[in-house]
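Contents: one structure, followed by commentary.
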Amino acid sequence: MYRACLVNPEQTRLQMILWRDSDQGPIDTYELLTVTYGTASASYLATRCLKELSNECKNSVIAEVIGTHFYVDDLLTGANSIDELNSIVNQVKSKLSEGGFELAKWTTNSSQVIREFTQSVELVDLGRYENTRTLRLLWDPGDDQFRYKITEMSYQKITKRSILSDIAQVFDPIGFLSPVIISAKVIFKRNLAIRDKLGRSITK
């Protein structure tokens with residue numbers, strides 16, 4: 001995704017690298033012309049390019065999908081009918097292509113959509129992938145179920161730091177795990193409150 005975003009020519013000098021083919025060869029200087037993964041601004045710049053594409057959309061539905069349904073380079077969206085979904089896929093693909101963004105893989109829980117798109121040369125990569133992963137969120141399009149992989153804590157001693165670390169690692173954009181996560185957050189908050197109360201008592 002990042003390599004599809006061109007950097008302003010006036011700013012490429014800030015992305016200069018040194019290169020040589022061998023230890024004894026001459027050192028050459030290059031300027032990277034596209035957004036470079038690892039720089040502090042890379043994620044923002046790529047997301048901002050998508051936002052600009054959404055602003056250019058005349059169709060409000062497609063504008064919302066491109067502007068708000070992306071998480072970095074993963075698009076998670078849906079529709080209430082097959083026809084609506086077909087329209088969204090085709091229009092989003094067309095608009096992103098205008099900006100140099102090519103969505104590589106598609107998956108869906110609709111066998112009808114799969115049959116229609118696999119007949120298209122442009123969407124030959126579309127297929128059904130078991131347990132498709134979007135960061136830590138797993139989705140099985142076969143039975144249309146979301147799954148979460150939970151690892152058992154291996155801490156010898158549970159601390160506030162370890163609790164906070166586990167809470168932060170859970171990616172739950174839809175909120176399925178909220179009843180569990182909120183319990184962990186309440187425990188963490190109570191520990192902080194007890195610590196603060198003890199601290200004030202000692203001070204007094």
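Each chain in the structure tokens gets a letter, A, B, ..., in the order shown, and its residues are numbered from 1; ligands are numbered from 1 in order too.
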*Close residues, segment 31-46 of chain A itself excluded, 7 Å, only C-alpha atoms, min 2 positions apart in chain, as a list in words*: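 In the requested form, the answer reads Tyr2, Arg3, Ala4, Cys5, Leu6, Val7, Thr12, Arg13, Gln15, Met16, Ile17, Thr29, Arg48, Cys49 and Leu50 of chain A.
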Expected file: the selected residues, N, CA, C and O atoms, as a PDB file, in the first residue's frame:
ATOM      1  N   TYR A   2       1.901   1.250   0.846  1.00  0.00           N
ATOM      2  CA  TYR A   2       2.741   2.442   0.961  1.00  0.00           C
ATOM      3  C   TYR A   2       3.422   2.790  -0.351  1.00  0.00           C
ATOM      4  O   TYR A   2       3.556   3.965  -0.706  1.00  0.00           O
ATOM      5  N   ARG A   3       3.859   1.759  -1.074  1.00  0.00           N
ATOM      6  CA  ARG A   3       4.592   1.992  -2.318  1.00  0.00           C
ATOM      7  C   ARG A   3       3.695   2.548  -3.425  1.00  0.00           C
ATOM      8  O   ARG A   3       4.183   2.942  -4.493  1.00  0.00           O
ATOM      9  N   ALA A   4       2.405   2.570  -3.193  1.00  0.00           N
ATOM     10  CA  ALA A   4       1.482   3.146  -4.171  1.00  0.00           C
ATOM     11  C   ALA A   4       1.284   4.639  -3.956  1.00  0.00           C
ATOM     12  O   ALA A   4       0.623   5.300  -4.755  1.00  0.00           O
ATOM     13  N   CYS A   5       1.886   5.179  -2.893  1.00  0.00           N
ATOM     14  CA  CYS A   5       1.714   6.599  -2.561  1.00  0.00           C
ATOM     15  C   CYS A   5       2.992   7.372  -2.905  1.00  0.00           C
ATOM     16  O   CYS A   5       4.045   7.137  -2.302  1.00  0.00           O
ATOM     17  N   LEU A   6       2.902   8.273  -3.851  1.00  0.00           N
ATOM     18  CA  LEU A   6       4.054   9.095  -4.234  1.00  0.00           C
ATOM     19  C   LEU A   6       4.266  10.217  -3.231  1.00  0.00           C
ATOM     20  O   LEU A   6       3.304  10.800  -2.711  1.00  0.00           O
ATOM     21  N   VAL A   7       5.512  10.526  -2.974  1.00  0.00           N
ATOM     22  CA  VAL A   7       5.876  11.616  -2.077  1.00  0.00           C
ATOM     23  C   VAL A   7       6.095  12.878  -2.911  1.00  0.00           C
ATOM     24  O   VAL A   7       6.572  12.820  -4.048  1.00  0.00           O
ATOM     25  N   THR A  12      11.306  14.372  -1.262  1.00  0.00           N
ATOM     26  CA  THR A  12      12.016  13.100  -1.434  1.00  0.00           C
ATOM     27  C   THR A  12      13.452  13.157  -0.920  1.00  0.00           C
ATOM     28  O   THR A  12      14.031  12.121  -0.577  1.00  0.00           O
ATOM     29  N   ARG A  13      14.033  14.339  -0.858  1.00  0.00           N
ATOM     30  CA  ARG A  13      15.405  14.447  -0.345  1.00  0.00           C
ATOM     31  C   ARG A  13      15.479  14.057   1.133  1.00  0.00           C
ATOM     32  O   ARG A  13      16.566  13.787   1.659  1.00  0.00           O
ATOM     33  N   GLN A  15      14.190  11.396   2.181  1.00  0.00           N
ATOM     34  CA  GLN A  15      14.211   9.938   2.170  1.00  0.00           C
ATOM     35  C   GLN A  15      15.396   9.435   1.354  1.00  0.00           C
ATOM     36  O   GLN A  15      15.264   8.566   0.502  1.00  0.00           O
ATOM     37  N   MET A  16      16.555   9.974   1.624  1.00  0.00           N
ATOM     38  CA  MET A  16      17.761   9.583   0.896  1.00  0.00           C
ATOM     39  C   MET A  16      18.398   8.356   1.556  1.00  0.00           C
ATOM     40  O   MET A  16      18.421   8.237   2.783  1.00  0.00           O
ATOM     41  N   ILE A  17      18.875   7.432   0.731  1.00  0.00           N
ATOM     42  CA  ILE A  17      19.564   6.245   1.232  1.00  0.00           C
ATOM     43  C   ILE A  17      20.887   6.076   0.485  1.00  0.00           C
ATOM     44  O   ILE A  17      21.050   6.567  -0.638  1.00  0.00           O
ATOM     45  N   THR A  29      23.877   7.417  -4.063  1.00  0.00           N
ATOM     46  CA  THR A  29      22.820   8.046  -3.272  1.00  0.00           C
ATOM     47  C   THR A  29      21.508   7.997  -4.041  1.00  0.00           C
ATOM     48  O   THR A  29      21.459   8.359  -5.215  1.00  0.00           O
ATOM     49  N   ARG A  48      -4.188   8.950   4.558  1.00  0.00           N
ATOM     50  CA  ARG A  48      -4.646  10.246   4.038  1.00  0.00           C
ATOM     51  C   ARG A  48      -4.918  10.175   2.542  1.00  0.00           C
ATOM     52  O   ARG A  48      -5.837  10.837   2.032  1.00  0.00           O
ATOM     53  N   CYS A  49      -4.154   9.366   1.819  1.00  0.00           N
ATOM     54  CA  CYS A  49      -4.402   9.177   0.386  1.00  0.00           C
ATOM     55  C   CYS A  49      -5.756   8.513   0.158  1.00  0.00           C
ATOM     56  O   CYS A  49      -6.506   8.890  -0.750  1.00  0.00           O
ATOM     57  N   LEU A  50      -6.073   7.518   0.987  1.00  0.00           N
ATOM     58  CA  LEU A  50      -7.383   6.877   0.890  1.00  0.00           C
ATOM     59  C   LEU A  50      -8.490   7.876   1.213  1.00  0.00           C
ATOM     60  O   LEU A  50      -9.544   7.882   0.561  1.00  0.00           O
TER      61      LEU A  50
END
_Gly99 of chain A surroundings by only C-alpha atoms, 8 Å radius, close-in-sequence under 3 positions cut, as number ranges by chain_ = A: 53, 95-96
*Looking only at alpha helix (DSSP H) from DSSP on the backbone, list the matching residues of segment 2-160 of chain A as a ChimeraX atom specification.*
/A:42-56,60-68,82-98,111-117,160
If you run DSSP on the backbone here, which positions in segment 2-202 of chain A get strand (DSSP E)? Please write them as a PDB file with N, CA and C atoms, in the first residue's frame.
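And here is the file that came out, result-v1.pdb:
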ATOM      1  N   MET A  16      16.555   9.974   1.624  1.00  0.00           N
ATOM      2  CA  MET A  16      17.761   9.583   0.896  1.00  0.00           C
ATOM      3  C   MET A  16      18.398   8.356   1.556  1.00  0.00           C
ATOM      4  N   ILE A  17      18.875   7.432   0.731  1.00  0.00           N
ATOM      5  CA  ILE A  17      19.564   6.245   1.232  1.00  0.00           C
ATOM      6  C   ILE A  17      20.887   6.076   0.485  1.00  0.00           C
ATOM      7  N   LEU A  18      21.817   5.385   1.128  1.00  0.00           N
ATOM      8  CA  LEU A  18      23.115   5.070   0.516  1.00  0.00           C
ATOM      9  C   LEU A  18      23.109   3.618   0.081  1.00  0.00           C
ATOM     10  N   TRP A  19      23.717   3.342  -1.076  1.00  0.00           N
ATOM     11  CA  TRP A  19      23.703   1.972  -1.599  1.00  0.00           C
ATOM     12  C   TRP A  19      24.976   1.702  -2.389  1.00  0.00           C
ATOM     13  N   ASP A  28      26.475   4.960  -3.914  1.00  0.00           N
ATOM     14  CA  ASP A  28      25.504   5.765  -4.656  1.00  0.00           C
ATOM     15  C   ASP A  28      24.443   6.297  -3.701  1.00  0.00           C
ATOM     16  N   THR A  29      23.877   7.417  -4.063  1.00  0.00           N
ATOM     17  CA  THR A  29      22.820   8.046  -3.272  1.00  0.00           C
ATOM     18  C   THR A  29      21.508   7.997  -4.041  1.00  0.00           C
ATOM     19  N   TYR A  30      20.465   7.527  -3.371  1.00  0.00           N
ATOM     20  CA  TYR A  30      19.148   7.444  -3.993  1.00  0.00           C
ATOM     21  C   TYR A  30      18.122   8.182  -3.142  1.00  0.00           C
ATOM     22  N   GLU A  31      17.073   8.642  -3.794  1.00  0.00           N
ATOM     23  CA  GLU A  31      15.947   9.239  -3.091  1.00  0.00           C
ATOM     24  C   GLU A  31      14.726   8.359  -3.313  1.00  0.00           C
ATOM     25  N   PHE A  70     -11.677   1.049   6.019  1.00  0.00           N
ATOM     26  CA  PHE A  70     -10.314   0.517   5.912  1.00  0.00           C
ATOM     27  C   PHE A  70      -9.648   0.531   7.274  1.00  0.00           C
ATOM     28  N   TYR A  71      -8.883  -0.530   7.560  1.00  0.00           N
ATOM     29  CA  TYR A  71      -7.974  -0.520   8.697  1.00  0.00           C
ATOM     30  C   TYR A  71      -6.586  -0.745   8.122  1.00  0.00           C
ATOM     31  N   ASP A  74      -6.403  -3.095   4.981  1.00  0.00           N
ATOM     32  CA  ASP A  74      -7.453  -4.112   4.954  1.00  0.00           C
ATOM     33  C   ASP A  74      -8.815  -3.444   4.876  1.00  0.00           C
ATOM     34  N   LEU A  75      -9.625  -3.860   3.922  1.00  0.00           N
ATOM     35  CA  LEU A  75     -10.974  -3.337   3.764  1.00  0.00           C
ATOM     36  C   LEU A  75     -11.969  -4.345   4.315  1.00  0.00           C
ATOM     37  N   THR A 132      -9.863 -16.185   7.633  1.00  0.00           N
ATOM     38  CA  THR A 132      -9.193 -14.998   7.144  1.00  0.00           C
ATOM     39  C   THR A 132      -8.802 -14.118   8.323  1.00  0.00           C
ATOM     40  N   ARG A 133      -7.572 -13.641   8.326  1.00  0.00           N
ATOM     41  CA  ARG A 133      -7.073 -12.875   9.455  1.00  0.00           C
ATOM     42  C   ARG A 133      -6.968 -11.396   9.115  1.00  0.00           C
ATOM     43  N   THR A 134      -7.542 -10.586   9.972  1.00  0.00           N
ATOM     44  CA  THR A 134      -7.364  -9.146   9.902  1.00  0.00           C
ATOM     45  C   THR A 134      -6.808  -8.720  11.247  1.00  0.00           C
ATOM     46  N   LEU A 137      -8.209 -10.393  14.463  1.00  0.00           N
ATOM     47  CA  LEU A 137      -9.586 -10.833  14.283  1.00  0.00           C
ATOM     48  C   LEU A 137      -9.658 -11.900  13.200  1.00  0.00           C
ATOM     49  N   LEU A 138     -10.195 -13.074  13.538  1.00  0.00           N
ATOM     50  CA  LEU A 138     -10.318 -14.182  12.591  1.00  0.00           C
ATOM     51  C   LEU A 138     -11.762 -14.283  12.112  1.00  0.00           C
ATOM     52  N   TRP A 139     -11.940 -14.487  10.808  1.00  0.00           N
ATOM     53  CA  TRP A 139     -13.272 -14.645  10.242  1.00  0.00           C
ATOM     54  C   TRP A 139     -13.287 -15.862   9.331  1.00  0.00           C
ATOM     55  N   ASP A 140     -14.216 -16.751   9.577  1.00  0.00           N
ATOM     56  CA  ASP A 140     -14.393 -17.924   8.729  1.00  0.00           C
ATOM     57  C   ASP A 140     -15.573 -17.653   7.814  1.00  0.00           C
ATOM     58  N   GLN A 145     -18.531 -16.885  10.770  1.00  0.00           N
ATOM     59  CA  GLN A 145     -18.317 -16.737  12.198  1.00  0.00           C
ATOM     60  C   GLN A 145     -16.993 -16.026  12.468  1.00  0.00           C
ATOM     61  N   PHE A 146     -17.011 -15.179  13.482  1.00  0.00           N
ATOM     62  CA  PHE A 146     -15.789 -14.519  13.933  1.00  0.00           C
ATOM     63  C   PHE A 146     -15.191 -15.339  15.061  1.00  0.00           C
ATOM     64  N   ARG A 147     -13.868 -15.419  15.049  1.00  0.00           N
ATOM     65  CA  ARG A 147     -13.186 -16.178  16.084  1.00  0.00           C
ATOM     66  C   ARG A 147     -12.023 -15.358  16.644  1.00  0.00           C
ATOM     67  N   TYR A 148     -11.687 -15.663  17.873  1.00  0.00           N
ATOM     68  CA  TYR A 148     -10.569 -14.994  18.529  1.00  0.00           C
ATOM     69  C   TYR A 148      -9.628 -16.049  19.075  1.00  0.00           C
TER      70      TYR A 148
END
_Selected residue of minimal separation from Val186 of chain A among A:Val65, A:Ala104, A:Leu85, A:Ile167, counting only C-alpha atoms_ =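 Under the stated criterion, the closest residue is A:Ile167.
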_To one decimal place in Å, what is the distance between atom CA of Asn191 of chain A and atom CA of Leu177 of chain A?_
21.5 Å
Need the shell around Asn55 of chain A: protein/DNA/RNA residues with any atom at most 8 Å away, counting only C-alpha atoms. Skip same-chain ones fewer than 4 positions apart. Format as a PDB file with N, CA and C atoms, in the first residue's frame?
ATOM      1  N   LYS A  51      -8.252   8.711   2.207  1.00  0.00           N
ATOM      2  CA  LYS A  51      -9.248   9.713   2.587  1.00  0.00           C
ATOM      3  C   LYS A  51      -9.497  10.683   1.445  1.00  0.00           C
ATOM      4  N   ALA A  63     -17.958   6.529  -0.915  1.00  0.00           N
ATOM      5  CA  ALA A  63     -17.105   7.452  -0.164  1.00  0.00           C
ATOM      6  C   ALA A  63     -16.965   7.000   1.285  1.00  0.00           C
ATOM      7  N   GLY A  67     -13.567   5.721   2.933  1.00  0.00           N
ATOM      8  CA  GLY A  67     -13.111   6.643   3.974  1.00  0.00           C
ATOM      9  C   GLY A  67     -13.111   6.074   5.375  1.00  0.00           C
TER      10      GLY A  67
END
*To one decimal place, how far is atom CA of Ser162 of chain A from atom CA of Phe188 of chain A in Å?*
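We find that atom CA of Ser162 of chain A and atom CA of Phe188 of chain A lie 10.2 Å from each other.
Between atom CA of Gln91 of chain A and atom CA of Ala79 of chain A there is a distance of 13.4 Å.
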*Minimum-distance residue to Asn109 of chain A, chosen among A:Ser22, A:Ser60, A:Thr159, A:Thr77 (using only C-alpha atoms)*: A:Thr77
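Residue nearest Asn86 of chain A, chosen from A:Val180, A:Val113, A:Leu164, A:Val170 and counting only C-alpha atoms: A:Val113.
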